[in-house]
Each structure stands twice: as structure tokens, then as C-alpha cells.
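Inspection log for the structure reproduced underneath, given as C-alpha cells.
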Amino acid sequence: MRGGIRGREGLAGWLFVSPILVVLGLFLVVPIVMALWVSLSDWNGQGSPFSSGVHFVGGENYGQLVAKPGLAQSDFMTSLRNNGYYVLFVVPLQTALALGLALLVNGRRLKGKGFFRTAYYFPSVTSSVAISVVFLFIFSSSGVVNSLLAKVGVDGPAWFADPRGIIHLALGAFGVNQDAPPSALADTTVGGLSLWDWLSGPSVAMCAIIVLVVWTTAGTFMLMFLAALQDIPLEVEEAAEIDGTGRWQRFRHVTLPMLKPTLFLVLTLGLIGTWQVFDQIYVMSQGSPGKTTLTPAFLSYQTSFINNEWGQGSAIAFILFAIIVAMTLLQRFVLRDKDEARAKAATRRAAKAARSGSGPTTETI
């Protein structure tokens, strides 16, 4: 231990941060460790998970979800399919809408900017449960959406009772029989589901939830983009304008590259939030119709609290955590600054060569 002023400063620092470390340890780290143990045991929710009657089963709970054919694997793979399509639609739509709104309210000639910023952000701070209940009425068989569709001659579906996937519906419009799909797709099984089931697309019910989530989350990400837009120096845009660039060219080659850190943040938060969707599913559908709105987060709750299969429920949560981490790292790799990455790699190689005594290396970047 260092003495003197520096040593006392270090001790004082640890003293000040110790309360939050204790809180995080008790209410974050310890529950995660307990949940990990539950995912590796046969605990049924009765008594303590550390009692002598609870046995270690290793990866059995994980195996039943990803490797062993049965209802558990089928439900889990169905939830991954549903959530995958949900992410595929929600993340790009909410990001594009948020960026568009930010560009709109950041316009120099727009009047009433404060009103529009508040109006667009308001859905994000409203109770998700309350909005979900409202959307149940809007998308009911006699709701506003079907009434508007009827005015243009379209017979609206029973939104939260229609399990058909939109890709299946599109293929049906081209003459593909949904009751007798191509044998190459119907007979090939992956993870307990046929390729025909994997290619169903989000169901009609899931599409209604997608509309709800995009509308309620775009406001939050709009503020992030707006803050980043206001940090871009006016001189940069004015210089590009003087050079004769058009509006689209300035956006593509000037504005968008400078928004890259914020874009990464928005995509990461959107990715995490979409894989953890629970409130809207619980209120609006609870996995119905035909398990086409079942998601891993809701399946984990259902498996644990309703079916009392706590080991499988915890295993689903940890698999979901691994998926989120893997996709976040992949996204970081895709959006990385390639020039900066090459420069760092060259620096590391030069340092390694210097330590080994072979001298610095050169590389054309």
C-alpha cells in the first residue's frame, strides 16, 4: 500500500464508492450468480435453491432447449423465430424514423420546435401498459384501423387472432398453397421447426405490436440524434454547401459519418430492447395466436412462474443474454472505423516487433 497523500486519496476513493459497490453486489451480482446456479439445477421454485434437495444437472436444461427434440425446444425455437423477425423490423424502422424526426425538428426554418420535440417524445414517457391497452382497442376487429381500411375497400384482419405470417401471405398471393407448402421447405427441419415455419415472417398480430413499439421508442432515439446533430459545427455544413454539394450529398458524406457514434449507440440500445420485449407481449397477446407472438423473455417468465420449471426459465434468460452480447459485438465490428482499426493494428504490431527486438514494421494504410 502506498503511503502519504496518494495512499489516503486511494483509500478515500474506495470509501466513497463502497456503498454503491455493496448495493450492486447484493442486488445485481448475487442474483445473477443465483440465477446461473438455478439454470444448472432442477430447482422447482419450492424452498431455497441451495437446499440439499436441489441437484446439479449441468447443461440438461440448456440441452432440452437447443438440442433435445420436444415441446421445450419447439417453443424456444418458435420464440427465437418470432423475436428475430421482430428485431429485423423494429430496429431499422425505429432508427430511420428517429433520425428522420431529428432532422425534421433540427431544421433552421421550422417554427414551434419545442412543441414538435415534446409531441414526438411524449409516447416514449407514457406507460407502455396504458399504450398497449389503447392499441388493443385501435386494432380490434371493429377498431379504428379496420374502419379506415374499410373506407378504402380493404377487409381488415382480426389482428390479434390471426396467426398467419406476412411472408406466407405474400407467397399465397403468388399462388403458393399454405396448406400444402413446397416439400423441400416443409420436410426439412431445423431446431424442431420446418423451414416453411422459419420463413413465415412476423404474424399479423406481431405486426400490430411492431407498429406500437416503433411509435413509442422513436422519440427517445430522436433526442439522441438531435443532440448529435446540434454538435455538428455549422462551418462544416456551410463549407460543404459552398463546395456545391446537394442536400442528399451533405447528409450522406458529412452528416451521417459524424453521427456514426450516435448511430452505434441507438442501434445497440434498440437491439437490446427488442430482444428483451416483454410488456407489450404480456398485455396484448401473451404469445397468442398460435404462439406467433411468443418471445424468449415472455417464454422465460411463462416457463418459470407458470410452469414452475425454473431451471429452463433461467437457462432461456442466459441464452438470451448470450445472443444479445454476440449481436452487439457483431454490430460493433460492422460499424467500426476501419482506418482507425488498421492504424491500431499497425501500432500493436510495431510495439510487438520492438519488444521482440526485430525492429519496427511498416505498413501502407
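Naming works like this for the C-alpha cells: A, B, ... for the chains as they're shown, residue 1 at the start of each chain, ligands 1 onward in shown order.
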
Any idea what's packed within 12 Å of A:Phe251, counting only C-alpha atoms, ignoring anything in its chain fewer than 4 positions away? Could you give it as a PyMOL selection string?
chain A and resi 99-100+103+229+232+236-237+240-241+245-247+255-259

Can you list, as a ChimeraX atom specification, every residue of stretch 181-231 of chain A that DSSP puts in helix (DSSP H, G or I)?
/A:183-186,195-198,204-230

By how many Å are atom CA of A:Ala350 and atom CA of A:Phe333 apart?
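Those two atoms sit 22.8 Å apart.
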
Could you check how far atom CA of A:Thr274 sits from atom CA of A:Gln73, in Å to one decimal?
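Rounded to one decimal, the two atoms are 21.5 Å apart.
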
Set out as JSON lines a contact list for stretch 42-160 of chain A and stretch 177-199 of chain A with a cut-off of 9 Å, giving each residue of stretch 42-160 of chain A that qualifies its closest atom pair and distance in Å to one decimal, counting only C-alpha atoms, ordered by chain and rising residue number.
```
{"residue": "A:Val66", "atom": "CA", "partner": "A:Gly191", "partner_atom": "CA", "distance": 6.9}
{"residue": "A:Ala67", "atom": "CA", "partner": "A:Gly191", "partner_atom": "CA", "distance": 7.4}
{"residue": "A:Lys68", "atom": "CA", "partner": "A:Gly191", "partner_atom": "CA", "distance": 8.9}
{"residue": "A:Pro69", "atom": "CA", "partner": "A:Gly192", "partner_atom": "CA", "distance": 6.2}
{"residue": "A:Gly70", "atom": "CA", "partner": "A:Gly192", "partner_atom": "CA", "distance": 7.5}
{"residue": "A:Leu71", "atom": "CA", "partner": "A:Gly192", "partner_atom": "CA", "distance": 8.7}
{"residue": "A:Gln73", "atom": "CA", "partner": "A:Gly192", "partner_atom": "CA", "distance": 6.5}
{"residue": "A:Ser74", "atom": "CA", "partner": "A:Gly192", "partner_atom": "CA", "distance": 5.2}
{"residue": "A:Asp75", "atom": "CA", "partner": "A:Gly192", "partner_atom": "CA", "distance": 8.8}
{"residue": "A:Met77", "atom": "CA", "partner": "A:Gly191", "partner_atom": "CA", "distance": 6.3}
{"residue": "A:Thr78", "atom": "CA", "partner": "A:Leu193", "partner_atom": "CA", "distance": 7.5}
{"residue": "A:Arg81", "atom": "CA", "partner": "A:Trp198", "partner_atom": "CA", "distance": 6.4}
{"residue": "A:Asn82", "atom": "CA", "partner": "A:Trp198", "partner_atom": "CA", "distance": 9.0}
```

Counting only C-alpha atoms, the option among A:Asn308, A:Ser132, A:Thr295, A:Asn61 closest to A:Trp37
A:Asn61

Restrict the calculation to only C-alpha atoms, then for each residue of stretch 281-359 of chain A with any atom at most 9 Å from an atom of stretch 149-160 of chain A give the closest atom pair and their distance in Å to one decimal, rows by chain and rising residue number, as a tab-separated table.
```
residue	atom	partner	partner_atom	distance
A:Met284	CA	A:Phe160	CA	8.0
A:Ser285	CA	A:Phe160	CA	6.9
A:Ser288	CA	A:Phe160	CA	7.5
A:Pro289	CA	A:Phe160	CA	6.7
```

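The interatomic distance for the pair atom CA of A:Thr126 and atom CA of A:Leu269 works out to 18.7 Å.
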
So that I can see what lies close to A:Gly63, please list as a count of residues only the residues with an atom at most 12 Å from it, counting only C-alpha atoms and leaving out residues fewer than 6 positions away in the same chain.
14

Selection near A:Trp43, 8 Å with only C-alpha atoms, sequence-local residues under 5 positions removed, as a ChimeraX atom specification:
/A:38,49,54-55,309-311
